[in-house]
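Chemist: So that we are looking at the same thing, I have put the structure below in structure tokens.
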Amino acid sequence: MSTHADAMHAVTGAGLRPAPGRRAAELYERVRRVVPPIEWAVYEPDIEAILRLKEQRNAVVLAHNYQTPEIFNTIADIVGDSLALAREAAQVDADVIVLCGVHFMAETAKLMNPARTVLIPDLRAGCSLAESITGADVRALKARHPGVPVVTYVNTSAEVKAESDICCTSGNAVEVVESLGVERVIFLPDEYLAKNVAAQTDVGIISWQGKCEVHERFTTADIATLRRDHPGITVLAHPECDREVVESADFAGSTAAMARYVAERQPSRVALITECSMSDNVAVANPAVEFVRPCNLCPHMKRITLPKIRRSLETMSHEVTVPAEVAERARLAVERMVAVGRAR
Ligand code: SF4
């Protein structure tokens, strides 16, 4: 199993896994730049309890980059973007996976490792993209465009993945689209990601009208204001943003690509045009970089809190399952995506 250290290294370029039994207070050193002492005093009892419960339950915690720093940097064993979490979930040999992220990520973990018990601390942690489309919508699109393969962003339900030929993430979308060797694909469900992919490939893209409610709020005016108020700032944008926003940034890339950019180039001052906690978590790993935070929170990601993670491990809830027939077809679509990455 890959550890927090491995995944952090891959995703953010730094970080150490807490040794078993290590006192929560010692972990504070890691997050003191982004968590004030008064907040830490509130977090500490839950962190200590979660560290104990993980051992009792033989559980590992997977945390997405948009989780708050006191989750991402202390109790998580494996961290990363949705692609990294999907890959790492497949390797987990512990009995229990606690997914600190949103529901489709927990479903994907279950698809990749069906023998494990997968828990999500709050069942209401959804996603505006995942909720923008259903399996019936995909079947209707396929009927309208017979023979055109369906490429589906991982930010979708298992039911939608089951109707798809292959999945992708924002990090590998162009590569996945081009791997099919066809002239046209149906690309679901993010309209902005579809436009950003279309700008980088000759493959024709048939898109859907889904949007991420966090990234769609950023505008070119936001970026102009950042550049005016912070001369010399480096602006990195996520490809779930509108095409014009992406074009006005210095670099556009997935969550992992943005973290890598900061780790490798160490810009003196940077703004990440993405979910709020991402800046905090990348800041922890890059103390020499100044972060300007144009803050848009994902309300779904923020449903996951330390008390809910603690309760999840105490009560073994909420278990995420996928009906066998759906799981089999959805898993194929995810595995095809992972295989494209391996073939690189
Ligand atoms: S940030 Fe956007 S894409 Fe990610 S979980 Fe939240 S709503 Fe969904």
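Chains: A, B, ... in order of the structure tokens. Residues: from 1 per chain. Ligands: from 1, in order shown.
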Hey, which bits of range 202-268 of chain A sit within 9 Å of range 287-308 of chain A, and for each residue what's the closest pair of atoms and how far apart in Å (one decimal), counting only C-alpha atoms, rows by chain and increasing number, as a Markdown table?

Modeler:
| residue | atom | partner | partner_atom | distance |
| --- | --- | --- | --- | --- |
| A:Glu213 | CA | A:Cys298 | CA | 7.7 |
| A:Val214 | CA | A:Cys298 | CA | 5.9 |
| A:His215 | CA | A:Asn296 | CA | 7.8 |
| A:Arg217 | CA | A:Asn296 | CA | 7.9 |
| A:Phe218 | CA | A:Asn296 | CA | 8.4 |
| A:Asp222 | CA | A:Pro294 | CA | 8.1 |
| A:Leu226 | CA | A:Val292 | CA | 8.3 |
| A:His230 | CA | A:Val292 | CA | 8.5 |
| A:Ile233 | CA | A:Val292 | CA | 8.6 |
| A:Val262 | CA | A:Val289 | CA | 8.1 |
| A:Gln266 | CA | A:Val289 | CA | 6.2 |
| A:Pro267 | CA | A:Val289 | CA | 6.3 |
| A:Ser268 | CA | A:Val289 | CA | 5.2 |

Chemist: As a ChimeraX atom specification, please: the residues near range 128-130 of chain A (cut-off 10 Å, only C-alpha atoms, same-chain neighbours under 3 positions excluded).

Modeler: /A:102-104,133-134,153-158,160,188-191,209-214,298,300

Chemist: Which residues, written as an NGL selection string, have at least one atom at most 12 Å from Asn281 in chain A, with only C-alpha atoms counted and residues fewer than 4 positions away on the same chain left out?

Modeler: :A and (8 or 11-15 or 30-35 or 63-74 or 79-80 or 255-256 or 258-259 or 262-263 or 272 or 275-277 or 285-287 or 291 or 293)

Chemist: Give me every alpha helix (DSSP H) residue in range 175-338 of chain A, going by DSSP on the backbone, as a VMD selection string.

Modeler: chain A and resid 175 to 179 191 to 198 220 to 229 243 to 248 255 to 265 276 to 285 306 to 315 324 to 338

Chemist: Include C-alpha atoms and write out the residues we just selected as a CSV table (one decimal), in the first residue's frame.

Modeler:
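Here's the written file out34.csv:
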chain,number,residue,atom,x,y,z
A,175,GLU,CA,-4.5,11.6,-23.1
A,176,VAL,CA,-7.6,9.4,-22.6
A,177,VAL,CA,-9.5,11.1,-25.4
A,178,GLU,CA,-6.6,10.5,-27.8
A,179,SER,CA,-6.0,7.0,-26.6
A,191,GLU,CA,-18.8,21.6,-20.2
A,192,TYR,CA,-15.8,23.7,-19.3
A,193,LEU,CA,-13.4,20.8,-19.0
A,194,ALA,CA,-14.8,19.6,-22.4
A,195,LYS,CA,-13.9,23.1,-23.9
A,196,ASN,CA,-10.4,23.0,-22.4
A,197,VAL,CA,-9.8,19.5,-23.7
A,198,ALA,CA,-11.2,20.5,-27.2
A,220,THR,CA,-11.3,36.8,-15.8
A,221,ALA,CA,-12.1,39.9,-13.7
A,222,ASP,CA,-10.9,37.9,-10.6
A,223,ILE,CA,-7.6,37.2,-12.3
A,224,ALA,CA,-7.2,40.8,-13.5
A,225,THR,CA,-7.8,42.0,-9.9
A,226,LEU,CA,-5.2,39.5,-8.6
A,227,ARG,CA,-2.6,40.7,-11.1
A,228,ARG,CA,-3.4,44.4,-10.3
A,229,ASP,CA,-3.2,43.9,-6.5
A,243,ARG,CA,-12.0,28.6,-21.0
A,244,GLU,CA,-11.4,32.4,-20.7
A,245,VAL,CA,-10.2,32.0,-17.1
A,246,VAL,CA,-7.9,29.2,-18.1
A,247,GLU,CA,-6.5,31.3,-21.0
A,248,SER,CA,-5.8,34.2,-18.7
A,255,THR,CA,-5.0,19.5,-8.8
A,256,ALA,CA,-1.9,17.3,-8.9
A,257,ALA,CA,-0.3,19.3,-11.8
A,258,MET,CA,-0.8,22.6,-9.9
A,259,ALA,CA,0.8,21.1,-6.7
A,260,ARG,CA,3.7,19.8,-8.8
A,261,TYR,CA,4.2,23.2,-10.5
A,262,VAL,CA,4.5,25.0,-7.2
A,263,ALA,CA,6.8,22.3,-5.7
A,264,GLU,CA,9.1,22.3,-8.7
A,265,ARG,CA,9.2,26.0,-9.7
A,276,CYS,CA,-9.9,27.0,-1.1
A,277,SER,CA,-8.3,24.2,1.0
A,278,MET,CA,-6.0,23.3,-1.9
A,279,SER,CA,-3.9,26.5,-1.2
A,280,ASP,CA,-3.6,25.6,2.5
A,281,ASN,CA,-2.4,22.1,1.8
A,282,VAL,CA,0.1,23.1,-0.9
A,283,ALA,CA,1.3,25.9,1.4
A,284,VAL,CA,2.1,23.4,4.1
A,285,ALA,CA,4.4,21.6,1.7
A,306,LEU,CA,-12.9,15.5,12.2
A,307,PRO,CA,-15.9,14.8,14.5
A,308,LYS,CA,-17.7,13.0,11.6
A,309,ILE,CA,-14.6,11.0,10.7
A,310,ARG,CA,-14.4,9.9,14.4
A,311,ARG,CA,-18.0,9.0,14.5
A,312,SER,CA,-17.7,7.1,11.2
A,313,LEU,CA,-14.9,4.9,12.6
A,314,GLU,CA,-16.8,4.4,15.9
A,315,THR,CA,-20.0,3.4,14.3
A,324,ALA,CA,-22.8,-5.8,-8.5
A,325,GLU,CA,-24.1,-5.4,-12.0
A,326,VAL,CA,-23.4,-1.7,-12.1
A,327,ALA,CA,-20.0,-2.1,-10.3
A,328,GLU,CA,-18.7,-4.6,-12.9
A,329,ARG,CA,-19.3,-2.2,-15.8
A,330,ALA,CA,-18.2,0.9,-14.0
A,331,ARG,CA,-15.0,-0.8,-12.8
A,332,LEU,CA,-14.1,-1.6,-16.4
A,333,ALA,CA,-14.4,2.1,-17.3
A,334,VAL,CA,-12.1,3.1,-14.4
A,335,GLU,CA,-9.6,0.3,-15.0
A,336,ARG,CA,-9.4,1.3,-18.7
A,337,MET,CA,-8.4,4.9,-17.6
A,338,VAL,CA,-5.8,3.6,-15.1

Chemist: Quick one: DSSP strand (DSSP E) residues in range 6-174 of chain A, as a ChimeraX atom specification?

Modeler: /A:59-64,78-80,96-100,117-119,150-153,166-168

Chemist: Taking N, CA, C and O atoms for each residue, export the selection above as a compact mmCIF listing (two decimals), in the first residue's frame.

Modeler:
# COMPACT_ATOMS: atom_id res chain seq x y z
N ALA A 59 -7.96 0.44 9.74
CA ALA A 59 -8.52 1.33 8.72
C ALA A 59 -7.45 2.28 8.18
O ALA A 59 -6.49 2.61 8.88
N VAL A 60 -7.63 2.68 6.94
CA VAL A 60 -6.80 3.75 6.38
C VAL A 60 -7.72 4.89 5.94
O VAL A 60 -8.86 4.66 5.55
N VAL A 61 -7.18 6.10 6.02
CA VAL A 61 -7.94 7.28 5.63
C VAL A 61 -7.36 7.81 4.33
O VAL A 61 -6.16 8.08 4.23
N LEU A 62 -8.23 7.93 3.32
CA LEU A 62 -7.84 8.55 2.04
C LEU A 62 -8.44 9.95 2.01
O LEU A 62 -9.65 10.10 2.26
N ALA A 63 -7.64 10.96 1.74
CA ALA A 63 -8.16 12.33 1.76
C ALA A 63 -7.83 13.06 0.47
O ALA A 63 -6.70 13.04 -0.01
N HIS A 64 -8.85 13.72 -0.07
CA HIS A 64 -8.67 14.52 -1.29
C HIS A 64 -7.99 15.85 -0.94
O HIS A 64 -8.09 16.34 0.19
N ILE A 78 -3.31 8.41 3.00
CA ILE A 78 -3.08 8.55 1.56
C ILE A 78 -3.80 9.81 1.11
O ILE A 78 -4.97 10.01 1.45
N VAL A 79 -3.09 10.66 0.39
CA VAL A 79 -3.71 11.92 -0.05
C VAL A 79 -3.48 12.08 -1.55
O VAL A 79 -2.55 11.50 -2.11
N GLY A 80 -4.33 12.89 -2.19
CA GLY A 80 -4.13 13.14 -3.60
C GLY A 80 -5.38 13.63 -4.28
O GLY A 80 -6.40 13.88 -3.63
N VAL A 96 -10.61 -1.54 6.23
CA VAL A 96 -11.56 -0.43 6.08
C VAL A 96 -10.89 0.75 5.39
O VAL A 96 -9.74 1.09 5.71
N ILE A 97 -11.61 1.37 4.45
CA ILE A 97 -11.17 2.62 3.83
C ILE A 97 -12.15 3.70 4.27
O ILE A 97 -13.36 3.56 4.05
N VAL A 98 -11.64 4.76 4.89
CA VAL A 98 -12.49 5.93 5.17
C VAL A 98 -12.15 6.97 4.13
O VAL A 98 -11.00 7.42 4.04
N LEU A 99 -13.15 7.31 3.29
CA LEU A 99 -12.89 8.24 2.20
C LEU A 99 -13.28 9.65 2.62
O LEU A 99 -14.47 9.94 2.79
N CYS A 100 -12.28 10.50 2.79
CA CYS A 100 -12.54 11.91 3.11
C CYS A 100 -12.52 12.68 1.80
O CYS A 100 -11.46 13.10 1.31
N THR A 117 -14.31 -2.64 3.22
CA THR A 117 -15.46 -1.84 3.66
C THR A 117 -15.09 -0.38 3.43
O THR A 117 -14.08 0.10 3.94
N VAL A 118 -15.90 0.32 2.63
CA VAL A 118 -15.61 1.73 2.34
C VAL A 118 -16.63 2.60 3.07
O VAL A 118 -17.84 2.41 2.93
N LEU A 119 -16.12 3.53 3.87
CA LEU A 119 -16.98 4.43 4.64
C LEU A 119 -16.81 5.86 4.16
O LEU A 119 -15.71 6.27 3.81
N VAL A 150 -17.94 6.95 -25.24
CA VAL A 150 -18.25 7.87 -24.14
C VAL A 150 -17.06 7.93 -23.18
O VAL A 150 -16.66 6.91 -22.61
N VAL A 151 -16.50 9.15 -23.03
CA VAL A 151 -15.43 9.40 -22.06
C VAL A 151 -16.05 10.17 -20.91
O VAL A 151 -16.64 11.23 -21.11
N THR A 152 -15.94 9.61 -19.71
CA THR A 152 -16.63 10.21 -18.56
C THR A 152 -15.64 10.60 -17.48
O THR A 152 -14.81 9.79 -17.06
N TYR A 153 -15.75 11.85 -17.08
CA TYR A 153 -14.95 12.37 -15.98
C TYR A 153 -15.25 11.54 -14.73
O TYR A 153 -16.40 11.14 -14.52
N ILE A 166 -14.89 4.67 -21.03
CA ILE A 166 -13.65 4.89 -20.28
C ILE A 166 -13.83 6.16 -19.43
O ILE A 166 -14.56 7.07 -19.82
N CYS A 167 -13.16 6.19 -18.28
CA CYS A 167 -13.18 7.39 -17.43
C CYS A 167 -11.95 8.22 -17.69
O CYS A 167 -10.99 7.79 -18.34
N CYS A 168 -11.95 9.45 -17.16
CA CYS A 168 -10.77 10.30 -17.20
C CYS A 168 -10.81 11.23 -15.99
O CYS A 168 -11.83 11.32 -15.31

Chemist: So, with only C-alpha atoms and all ligand atoms as the atoms that count, which of A:Asp81, A:Glu163, A:Asp250, A:Asp93 lies closest to ligand 1?

Modeler: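 Checking each candidate against ligand 1, we get A:Asp81 as the closest.
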
Chemist: Which residue, A:Glu131, A:Glu319, A:Glu107, A:Asp137, has the smallest gap to ligand 1 when you use only C-alpha atoms and all ligand atoms?

Modeler: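 The closest residue to ligand 1 is A:Glu131.
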